[in-house]
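Working notes for the structure below.
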Amino acid sequence: MNGVPIVLRALYDGERELERQFLAAADRHCGEHEFHHVAKDMARWSHEHSERIAHAAAPHDLHLPGPMDRPEPGPPAILRETPGRSVGRQPPPGLHLLRDLRDLHLAATENSLNWEMLAEVAQAAGDTGLLDLAADCHPQTLRQLRWTNTMIKTLSPQLLTSL
Amino acid sequence: MGSHRFAAALHGDAMDVAVANGRIVGVRGRPGDRVNRGRLGPKDLFGWQANHAKDRLATPLVRDGGRLVPCGWDTAMDRIADRTRELLDESGPGSIGFYTSGQLFLEDYYTLTVIARAGIGTNHLDGNTRLCTATAAESLKETFGCDGQPASYTDIDHADVIALFGHNMAETQPVLWMRILDRLEGSNPPRLVCVDPRPTPVARRAAVHLAPRAGTNVALLHALLHEIIRTGRIDRGFIEAHTVGIDELTERVSECTPAWAAGICDVPAGKITEAAEILGGAERLLSTVLQGVYQSHQATAAACQVNNLQLIRGMLGRPGCGVLQMNGQPSAENTRECGADGDLPGFRNWENDAHVEDLASIWNVDPSRIPHYAPPTPAMQIFRYAEQGSIRMLWISGTNPLVSLPELHRIRDILGQERLFTVVQDLYLTETAQLADVVLPAATWAEKTGTLTNADRTVHLCEQAVDPPGDARPDLDILLDYARRMDFRDKDGRPLVGWHDAASAFEAWKECSRGRPCDYTGMTYERLRSAGGIQWPCTEETPEGTERLYTDGIRWAAPDDCETYGRDLVTGASVSETEYRALNPDGKAVLKAAEYVPPHETTDEAFPLQLITGRTLYHFHTRTKTGRTPQLNAAAPEVWVEISAAEALRQGVAEGDLVEVTSPRGSVRGRLRVTGIRDGLVFLPFHYGYWDTPEGHRPGAYGGRAANETTVTDWDPVSKQPLFKTAAARLTLVERGDGTGSGAPTTTASAPVDPHHVPPTAGGPAAMAGQNGGER
């Protein structure tokens, strides 16, 4: 018995959750075009990761659902933005976007740490299949992290000085 | 008759103008010029007539009581300066944005940059070059660490293979295409490889023509790289000496076989192999890239793969060997180098404190006055901030976003907002100007003096030959007037903008360019006057200019020199300085790899066709000038819709039928032209707007006319260039034609498959030009 199933389960849940969060945020901020489109690309990476994790989990007696459809984007957003229209006195959508970016960044960080653990246990246990999985997927998680960080850096000055 | 010499037009074609009675009466190409050798394209030959259009703006206008009314310069400029001061007090510099052009002069852009960056202190300055050349700049920055065109137009004279990627040169740079035609008709003609979904004149002359599905350029290029690496036709010595990243690139394309790409691109695998054979066997390979790549999704990723092709084959810095990442406008290069397009002047790196300090010392301001806490804001994001309400003043010069930006109903909403104060500086009352709060009448070429630099770094001087109409003023004078009224000062209390005319602005720019890749310090107006075009860098050591960059290795990619540390080619995420130092400590070219990502908007049952937009030979971008030029307007008088014969059969429509193209954003109506375009693809020319319709700036009862009613708001996250070549649409019949065919040109990529009932595009007597015409 080793901790591989525990890490795989955590990673699977984390990637599923991150995919859901990316899609929900993309949906909420459809007027923020760059965020909207790239967030959907990022969701696809997480989707592919969870599929591959489910596949890799089977030999470890861990049966994760999959291949599966994309998860629903969650409950309808209260603050969904209508492009081209001012939002009046409601809380500024710019703040919402920054909060979503921060949450996405933190969720991706959690996944990144789990990939790190998987790579470590795979090496210690001599499991090349799992090591390859981590080597393939972890870089994309790191790119999700850099992207959310870049977006926060790019948007913060304007969104926070114009409140 | 007086003759004046100047350079103008699409890519630095030099011409002389003939003047009689204070008016231009004709133009002539300058035979000795290094760019055009005396040749002119149709827009050069006829376009000058638009300078005399009866509806040129001759006085400033301000909005009073909801209407634009004529006024004096003081009234107009005071209104702008007052609004600027109010906004600076209320909301700070981030509430002010500038959106300029690729058609002004270097002196104009540099002055505008100093005003925006150090005067106002805003990050929001960009050009419409974002729509045409942003990816060229970004791909050069990603690969070579810094902007700067590696090759020269003279490489066309030496290459044995010329590969044109999404570049319909015959219609975008017709004079350069003539140079290729010279080669094709001469001894040892080069072989052409053409990637384009339309049957362009280039495709017709190509040894191999690949017509991929829209949005699949990266997959196609990966397969070409795969084949060249697989067959070992790479220059290992060059790769070792001058590049980093070969292992990652090799790994990235290792499974990208022609068969794999064939499935994605819908191009026969055999043809991909054949193209790779030609590229792999070339001894002197020149690649050129334009909008088919830049305006597609994954624009920078694809353009970088072309750079990679040149690098792994070791085809750089020698006669016939290089890459031309092209421009779309006459002075787009100046917008880039002067920092009016979302970079700091002189290709300085906003993330490098030493670069910012250097710039601050040239301007004699504190570095903190130059915003460098975040990347300069690209145009599409400037419009987004205006939409959100955080930008409250937008000064638009020499461009017409109400026709040229995607998803026009949105742009009309943005520019129509009461809370947004809009200044438009232009020659005519364009669609955009009609919504402005202040309209400033500007002078055009031959009415003002300045320099412009083309896509192969050739600098020309363009001199005033006639007076502007009425009270219209040179763009530079308008900006200098604004700087005076705003009273911008440096840190010693002297005027921030210390120059007073074009020549002194040029001298100021030379200092800013000193020691940078685009070094102008060896040039003067006098030398440009006597020597004609000179290619930068031009210093005291290289007074004749520099034909090719990177003849002796990569020069500007070292971490302390580079213009950018780079971005992730898929997400646009910044590469940090630390990462870049680790990746490329010795400043080599970076072989950047990126995975293929499918387009964001794909076809479905409701929108079964792929939609792309583009240009025709006879019009400039939004037709403001060419629509006012009789011969050019007659050659392409009205919007049309292009599909293939097989698609027409499927849709039950025929040449000349009035059809409507509808996307999720809007629709356009036009007469159908049936061509040899790829099946499943619909093409719309993007030139047509509404200034010459009763509605003036928006669609009327007869439906949309501007292609951008249909296009999507989405951009390459790396170069921030909007996508005009990746959307989905449907086509419906509105009304059967009367058998005469559409009015689309027959001499271009729009040539009909069945020329039978279509009148040929021919100039006729009105298009005859002679040396004696115009003398009175």
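Going by the structure tokens order, chains are called A, B, ..., each with residues numbered from 1, while ligands are numbered from 1 in the order shown.
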request  = Fewer than 6 positions away in the same chain doesn't count, so skip those; otherwise give me all residues within 9 Å of Gly14 in chain A, counting only C-alpha atoms, as a PyMOL selection string.
outcome  = chain A and resi 46+50+107-108+110-111+114
When you get a sec, could you note down which chain B residues fall within 6 Å of chain A, using only C-alpha atoms, as a PDB file with N, CA, C and O atoms, in the first residue's frame?
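Saved file part25.pdb follows:
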```pdb
ATOM      1  N   ALA B 374       3.074  47.634 -15.798  1.00  0.00           N
ATOM      2  CA  ALA B 374       2.333  46.589 -16.508  1.00  0.00           C
ATOM      3  C   ALA B 374       2.568  46.824 -17.992  1.00  0.00           C
ATOM      4  O   ALA B 374       2.990  47.917 -18.391  1.00  0.00           O
ATOM      5  N   GLU B 387     -15.310  50.604 -22.926  1.00  0.00           N
ATOM      6  CA  GLU B 387     -16.619  49.977 -22.782  1.00  0.00           C
ATOM      7  C   GLU B 387     -17.024  49.895 -21.315  1.00  0.00           C
ATOM      8  O   GLU B 387     -18.166  50.199 -20.942  1.00  0.00           O
ATOM      9  N   SER B 390     -13.752  52.863 -17.716  1.00  0.00           N
ATOM     10  CA  SER B 390     -12.569  53.361 -17.000  1.00  0.00           C
ATOM     11  C   SER B 390     -11.728  54.272 -17.896  1.00  0.00           C
ATOM     12  O   SER B 390     -10.998  55.115 -17.390  1.00  0.00           O
ATOM     13  N   ALA B 573       0.937  34.194 -21.320  1.00  0.00           N
ATOM     14  CA  ALA B 573       1.547  34.472 -20.001  1.00  0.00           C
ATOM     15  C   ALA B 573       2.987  34.928 -20.167  1.00  0.00           C
ATOM     16  O   ALA B 573       3.719  34.422 -21.018  1.00  0.00           O
TER      17      ALA B 573
END
```
task = Just the residues within 8 Å of range 153-170 of chain B, please, counting only C-alpha atoms, with nothing from its chain fewer than 4 positions along; format it as number ranges by chain.
result = B: 35, 174-180, 183, 188-196, 200-202, 278-279, 282-293, 319-322, 456, 617
Those same residues, written as a PDB file, in the first residue's frame with C-alpha atoms?
```pdb
ATOM      1  CA  VAL B  35      12.409  49.691 -52.993  1.00  0.00           C
ATOM      2  CA  PRO B 174       1.899  44.677 -55.767  1.00  0.00           C
ATOM      3  CA  VAL B 175       5.229  46.379 -56.492  1.00  0.00           C
ATOM      4  CA  LEU B 176       7.128  43.772 -54.491  1.00  0.00           C
ATOM      5  CA  TRP B 177       5.184  41.101 -56.363  1.00  0.00           C
ATOM      6  CA  MET B 178       6.431  42.641 -59.635  1.00  0.00           C
ATOM      7  CA  ARG B 179       9.927  41.935 -58.341  1.00  0.00           C
ATOM      8  CA  ILE B 180       9.001  38.268 -57.923  1.00  0.00           C
ATOM      9  CA  ARG B 183      12.459  36.545 -61.190  1.00  0.00           C
ATOM     10  CA  ASN B 188      16.849  30.466 -62.759  1.00  0.00           C
ATOM     11  CA  PRO B 189      13.390  31.374 -61.524  1.00  0.00           C
ATOM     12  CA  PRO B 190      12.711  30.627 -57.848  1.00  0.00           C
ATOM     13  CA  ARG B 191      10.080  28.092 -56.869  1.00  0.00           C
ATOM     14  CA  LEU B 192       7.188  29.441 -54.838  1.00  0.00           C
ATOM     15  CA  VAL B 193       5.409  27.697 -51.989  1.00  0.00           C
ATOM     16  CA  CYS B 194       2.055  29.322 -51.231  1.00  0.00           C
ATOM     17  CA  VAL B 195      -0.171  28.773 -48.199  1.00  0.00           C
ATOM     18  CA  ASP B 196      -3.510  30.465 -48.786  1.00  0.00           C
ATOM     19  CA  THR B 200      -4.528  34.194 -55.312  1.00  0.00           C
ATOM     20  CA  PRO B 201      -2.211  35.306 -58.124  1.00  0.00           C
ATOM     21  CA  VAL B 202       0.576  33.962 -55.886  1.00  0.00           C
ATOM     22  CA  ILE B 278      11.010  22.143 -51.639  1.00  0.00           C
ATOM     23  CA  LEU B 279      11.612  23.994 -48.378  1.00  0.00           C
ATOM     24  CA  ALA B 282      16.232  25.136 -50.834  1.00  0.00           C
ATOM     25  CA  GLU B 283      19.702  26.610 -50.976  1.00  0.00           C
ATOM     26  CA  ARG B 284      18.544  30.172 -50.452  1.00  0.00           C
ATOM     27  CA  LEU B 285      15.170  30.208 -48.724  1.00  0.00           C
ATOM     28  CA  LEU B 286      13.146  33.370 -48.184  1.00  0.00           C
ATOM     29  CA  SER B 287       9.886  33.214 -46.221  1.00  0.00           C
ATOM     30  CA  THR B 288       7.300  35.952 -46.074  1.00  0.00           C
ATOM     31  CA  VAL B 289       4.338  36.099 -43.715  1.00  0.00           C
ATOM     32  CA  LEU B 290       1.202  38.225 -43.613  1.00  0.00           C
ATOM     33  CA  GLN B 291      -2.427  38.404 -42.547  1.00  0.00           C
ATOM     34  CA  GLY B 292      -3.383  34.799 -43.322  1.00  0.00           C
ATOM     35  CA  VAL B 293      -1.141  34.036 -40.376  1.00  0.00           C
ATOM     36  CA  PRO B 319      21.618  37.024 -49.664  1.00  0.00           C
ATOM     37  CA  GLY B 320      18.352  35.254 -50.456  1.00  0.00           C
ATOM     38  CA  CYS B 321      18.101  33.778 -46.949  1.00  0.00           C
ATOM     39  CA  GLY B 322      15.796  35.348 -44.430  1.00  0.00           C
ATOM     40  CA  ASP B 456      12.459  46.165 -44.839  1.00  0.00           C
ATOM     41  CA  LEU B 617      -5.843  45.121 -54.634  1.00  0.00           C
TER      42      LEU B 617
END
```
Those in range 228-411 of chain B with alpha helix (DSSP H) from DSSP, as a VMD selection string = chain B and resid 228 to 230 236 to 242 246 to 253 258 to 265 269 to 281 291 to 294 299 to 312 332 to 337 353 to 363 379 to 388 401 to 404 408 to 411
task = Go through range 532-720 of chain B and collect every residue that DSSP, computed from the backbone, puts in strand (DSSP E); the answer should be as a ChimeraX atom specification.
result = /B:534-535,589-590,609-614,640-644,658-662,667-675,681-685
key: Surrounding residues of Lys725 in chain B excluding itself and chain neighbours under 6 positions, 6 Å, only C-alpha atoms, as a PyMOL selection string   = chain B and resi 295-296+612
Selection from above, C-alpha atoms, as a compact mmCIF listing (two decimals), in the first residue's frame, can you write it?
```txt
# COMPACT_ATOMS: atom_id res chain seq x y z
CA GLN B 295 -5.19 37.53 -38.32
CA SER B 296 -5.79 33.86 -37.59
CA ILE B 612 -12.59 35.03 -43.33
```
task = Determine, counting only C-alpha atoms, which protein, DNA and RNA residues have an atom within 6 Å of an atom of range 574-591 of chain B; residues of the same chain fewer than 2 positions away are not included. Present the result as JSON, numbers by chain.
result = {"B": [143, 144, 242, 243, 244, 245, 308, 554, 557, 558, 559, 565, 566, 567]}
Take the residues from that selection and put them in a file with C-alpha atoms, as a JSON list (two decimals), in the first residue's frame.
```
[["chain", "number", "residue", "atom", "x", "y", "z"],
["B", 143, "THR", "CA", 12.33, 34.53, -31.72],
["B", 144, "PHE", "CA", 15.08, 37.16, -31.88],
["B", 242, "HIS", "CA", 22.83, 30.60, -32.89],
["B", 243, "THR", "CA", 19.77, 29.05, -31.26],
["B", 244, "VAL", "CA", 18.34, 27.56, -28.08],
["B", 245, "GLY", "CA", 15.35, 25.23, -27.82],
["B", 308, "ASN", "CA", 11.89, 28.35, -36.73],
["B", 554, "ILE", "CA", 21.93, 37.16, -33.17],
["B", 557, "ALA", "CA", 18.43, 38.71, -27.61],
["B", 558, "ALA", "CA", 20.71, 38.86, -24.55],
["B", 559, "PRO", "CA", 18.77, 39.32, -21.31],
["B", 565, "TYR", "CA", 11.53, 38.18, -22.04],
["B", 566, "GLY", "CA", 8.81, 36.52, -24.08],
["B", 567, "ARG", "CA", 5.40, 35.02, -23.63]]
```
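For the residues A:Leu104, A:Ile53, A:Leu98, A:Ala135, ranking by smallest atom-to-atom distance to Val4 in chain A using only C-alpha atoms places A:Ile53 first.
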Long-range neighbours of range 115-130 of chain A as a PyMOL selection string, 10 Å cut-off, only C-alpha atoms, 3 positions minimum in chain = chain A and resi 2-8+10-11+53+56-57+109-112+133-139+141
key: All residues 7 Å or closer to Tyr428 in chain B, only C-alpha atoms, same chain fewer than 6 positions away omitted, as a PyMOL selection string   = chain B and resi 55-57
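For the pair CA of Glu86 in chain B and CA of Leu429 in chain B, the interatomic distance is 26.9 Å.
For the set A:Arg102, A:His47, A:His96, A:His63, the residue with the smallest atom-to-atom gap to Leu18 in chain A is A:His47, counting only C-alpha atoms.
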